[in-house]
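This is target.txt (compact mmCIF, C-alpha atoms and all ligand atoms).
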```
# COMPACT_ATOMS: atom_id res chain seq x y z
CA MET A 1 3.02 96.95 174.11
CA VAL A 2 4.33 100.29 173.01
CA GLY A 3 2.16 102.53 170.91
CA ILE A 4 3.47 104.19 167.82
CA GLU A 5 4.27 107.79 168.47
CA LYS A 6 4.12 110.00 165.48
CA GLU A 7 6.24 113.08 165.67
CA VAL A 8 4.40 116.09 164.34
CA LYS A 9 6.61 118.42 162.35
CA MET A 10 5.83 122.04 162.90
CA GLU A 11 6.32 125.11 160.76
CA TYR A 12 6.65 128.56 162.30
CA GLN A 13 5.87 131.98 161.00
CA VAL A 14 5.65 135.53 162.35
CA CYS A 15 2.16 137.05 162.23
CA LEU A 16 2.05 140.31 160.26
CA VAL A 17 -0.56 141.78 162.60
CA CYS A 18 0.46 140.90 166.18
CA GLU A 19 4.08 140.06 165.27
CA ARG A 20 3.95 136.92 167.44
CA ARG A 21 5.50 133.70 166.22
CA PHE A 22 2.93 131.01 165.59
CA GLY A 23 3.31 127.37 164.71
CA TYR A 24 1.20 124.74 163.03
CA PRO A 25 1.73 121.19 161.82
CA VAL A 26 3.31 121.08 158.36
CA GLY A 27 0.72 121.10 155.61
CA THR A 28 -2.27 122.10 157.74
CA LEU A 29 -2.48 125.74 156.66
CA PRO A 30 -2.35 127.20 153.16
CA GLU A 31 1.10 128.33 152.03
CA ASP A 32 -0.12 131.89 151.75
CA THR A 33 -1.11 132.15 155.43
CA ILE A 34 0.30 135.44 156.63
CA ILE A 35 -1.31 135.98 160.01
CA CYS A 36 -2.03 133.85 163.06
CA PRO A 37 -5.48 132.25 163.51
CA PRO A 38 -6.61 134.65 166.33
CA CYS A 39 -5.79 137.70 164.17
CA ALA A 40 -7.34 136.08 161.09
CA ARG A 41 -10.71 135.96 162.90
CA LYS A 42 -10.70 139.78 163.17
CA ILE A 43 -9.83 140.59 159.56
CA PRO A 44 -12.12 140.13 156.54
CA ARG A 45 -11.10 137.12 154.46
CA SER A 46 -11.28 139.16 151.27
CA LEU A 47 -8.74 141.61 152.74
CA LEU A 48 -6.39 138.73 153.56
CA LYS A 49 -6.84 137.46 150.02
CA ALA A 50 -5.91 140.91 148.67
CA CYS A 51 -2.56 140.55 150.46
CA VAL A 52 -1.59 137.50 148.43
CA ASP A 53 -3.75 137.67 145.30
CA PRO A 54 -3.87 141.09 143.57
CA PHE A 55 -7.24 141.62 141.89
CA SER A 56 -10.20 143.95 142.32
CA TYR A 57 -11.37 144.71 145.87
CA ALA A 58 -13.37 147.32 147.72
CA LEU A 59 -13.75 148.11 151.37
CA GLY A 60 -15.81 150.46 153.44
CA LEU A 61 -14.68 152.46 156.42
CA VAL A 62 -16.80 152.88 159.52
CA ASP A 63 -17.37 156.53 158.54
CA GLY A 64 -19.16 155.38 155.35
CA ARG A 65 -16.44 156.17 152.80
CA PHE A 66 -15.22 153.37 150.59
CA ILE A 67 -12.01 152.56 148.75
CA GLU A 68 -11.41 150.47 145.64
CA PHE A 69 -8.01 148.84 145.50
CA THR A 70 -6.00 146.06 143.87
CA GLU A 71 -3.69 144.79 146.58
CA ALA A 72 -3.13 145.13 150.28
CA ASP A 73 -0.17 144.92 152.63
CA ILE A 74 -0.84 144.41 156.35
CA ARG A 75 1.66 145.62 158.94
CA GLY A 76 0.61 145.67 162.55
CA GLU A 77 -2.59 147.65 163.04
CA TRP A 78 -2.46 149.16 159.53
CA VAL A 79 -3.10 148.01 156.00
CA ASN A 80 -1.69 149.77 152.95
CA LEU A 81 -4.19 149.67 150.08
CA LYS A 82 -2.73 150.00 146.60
CA GLY A 83 -3.90 150.21 143.01
CA GLN A 84 -2.29 148.51 140.03
CA ALA A 85 1.43 149.05 139.45
CA ASP A 86 1.89 151.93 137.01
CA GLY A 87 5.28 150.77 135.67
CA HIS A 88 7.06 153.63 137.42
CA GLY A 89 7.26 152.04 140.85
CA ASP A 90 4.00 153.45 142.13
CA HIS A 91 0.61 151.86 142.78
CA PRO A 92 -1.93 154.68 142.45
CA LEU A 93 -5.50 153.98 143.36
CA ASP A 94 -7.75 153.95 140.30
CA LYS A 95 -10.29 156.49 141.37
CA GLU A 96 -9.49 160.00 142.33
CA MET A 97 -10.95 159.45 145.75
CA TRP A 98 -10.92 162.23 148.22
CA GLY A 99 -9.13 164.50 145.75
CA HIS A 100 -5.94 162.39 145.55
CA ARG A 101 -4.74 159.27 143.76
CA PHE A 102 -2.43 158.16 146.60
CA PHE A 103 0.36 156.98 144.32
CA ARG A 104 2.04 154.87 146.98
CA GLY A 105 -1.14 153.52 148.48
CA LEU A 106 -3.39 154.60 151.29
CA GLU A 107 -2.73 153.34 154.80
CA VAL A 108 -5.85 152.58 156.78
CA ARG A 109 -6.23 151.39 160.36
CA LEU A 110 -7.57 147.83 160.42
CA ASP A 111 -10.02 148.72 163.19
CA ARG A 112 -11.66 151.39 160.99
CA ILE A 113 -12.74 148.88 158.33
CA ALA A 114 -16.46 148.03 158.38
CA TRP A 115 -16.59 145.69 155.37
CA CYS A 116 -14.51 144.35 152.50
CA ALA A 117 -15.44 142.73 149.18
CA ASP A 118 -13.61 140.58 146.65
CA ALA A 119 -14.40 141.38 142.99
CA PRO A 120 -17.12 143.98 143.70
CA ASP A 121 -17.80 144.34 139.96
CA GLY A 122 -17.48 140.64 139.11
CA SER A 123 -14.51 138.75 137.69
ZN ZN B 201 -1.48 137.56 165.03
```
Turn the structure described in the file into structure tokens.
Amino acid sequence: MVGIEKEVKMEYQVCLVCERRFGYPVGTLPEDTIICPPCARKIPRSLLKACVDPFSYALGLVDGRFIEFTEADIRGEWVNLKGQADGHGDHPLDKEMWGHRFFRGLEVRLDRIAWCADAPDGS
């Protein structure tokens, strides 16, 4: 007797952090998955959420400073943190942190992030 072999269809994507191609059976990962599972274990879930769901977030750096931001964009070992779009093509951060508003976002090394929070002031 021959068993029924079920062919598993795979989807492939390029990880935004390690830039390796990774595959998974269709429908087993959320559509908004942007990085491979090994990289996802090293990055706060709230920071990954900020990449696909603009809202209110805050993170702290290992040196103790913190940053409030609205959306994030991960590329390799860096993440660009942005505020809300200002209607002129820029995404300044809300607070005048560190003496600047960083109109096009602030790029931070992923390995310098100590913590991250989704909706630090509630939703
Ligand atoms: Zn990866």
For this session: For ligand ZN 201 (chain B), collect every residue having any atom at a distance of at most 12 Å from a ligand atom (counting all atoms listed in the file); output as a list in words.
Result: Gln13, Val14, Cys15, Leu16, Val17, Cys18, Glu19, Arg20, Arg21, Phe22, Gly23, Thr33, Ile34, Ile35, Cys36, Pro37, Pro38, Cys39, Ala40, Arg41, Lys42, Ile43, Ile74, Arg75, Gly76 and Glu77 of chain A
Exercise. Got a sec: who's within 7 Å of Trp78 in chain A, counting all atoms listed in the file, leaving out chain neighbours fewer than 6 positions off, as number ranges by chain?
Worked result: A: 107-110
For this session: Rounded to one decimal place, report the CA of Phe103 in chain A-CA of Asp32 in chain A distance in Å.
Result: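 Distance reported for this atom pair: 26.2 Å.
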Exercise. CA of Ser123 in chain A to CA of Asp73 in chain A: how many Å, to one decimal?
Worked result: 21.6 Å
For this session: Pick out the closest residue to Glu68 in chain A from this set: A:Gly99, A:Gly105, A:Gly89, A:Gly27. Count all atoms listed in the file.
Result: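 Under the stated criterion, the closest residue is A:Gly105.
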Seminar exercise, completed: Correct to one decimal, the distance CA of Gly122 in chain A-CA of Asn80 in chain A is 22.9 Å
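Closest approach to Leu48 in chain A from the set A:Val62, A:Ile67, A:Val26, A:Leu81 is made by A:Leu81, with distances taken over all atoms listed in the file.
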Given 3 Å on each side, where is the centre and what are the edge lengths in Å to one decimal of the axis-aligned box enclosing the listed atoms of range 79-94 of chain A, as AutoDock Vina command-line options?
```
--center_x -0.2 --center_y 151.3 --center_z 145.8 --size_x 21.0 --size_y 12.7 --size_z 26.3
```
For this session: Extract, using only C-alpha atoms, all DNA, RNA and protein residues at most 9 Å from Lys49 in chain A, discarding same-chain residues fewer than 6 positions from it, and format them as a ChimeraX atom specification.
Result: /A:32,71-72,118
Exercise. A:Glu11, A:Asp121, A:Lys6, A:Leu47: which is nearest Glu31 in chain A, counting only C-alpha atoms?
Worked result: A:Glu11
Exercise. Which of these, A:Asp63, A:Phe69, A:Trp115, A:Ala50, has the shortest distance to Lys95 in chain A once you count only C-alpha atoms?
Worked result: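 When distances to Lys95 in chain A are compared using only C-alpha atoms, the smallest one comes from A:Phe69.
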Problem set entry | Close residues, range 112-114 of chain A itself excluded, 8 Å, all atoms listed in the file, min 6 positions apart in chain, as a PyMOL selection string | chain A and resi 59-62
For this session: Considering only C-alpha atoms, state which residue in the set A:Pro25, A:Ala119, A:Glu96, A:Gly83 is at the smallest distance from Lys9 in chain A.
Result: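 So, comparing all the options, the nearest one is A:Pro25.
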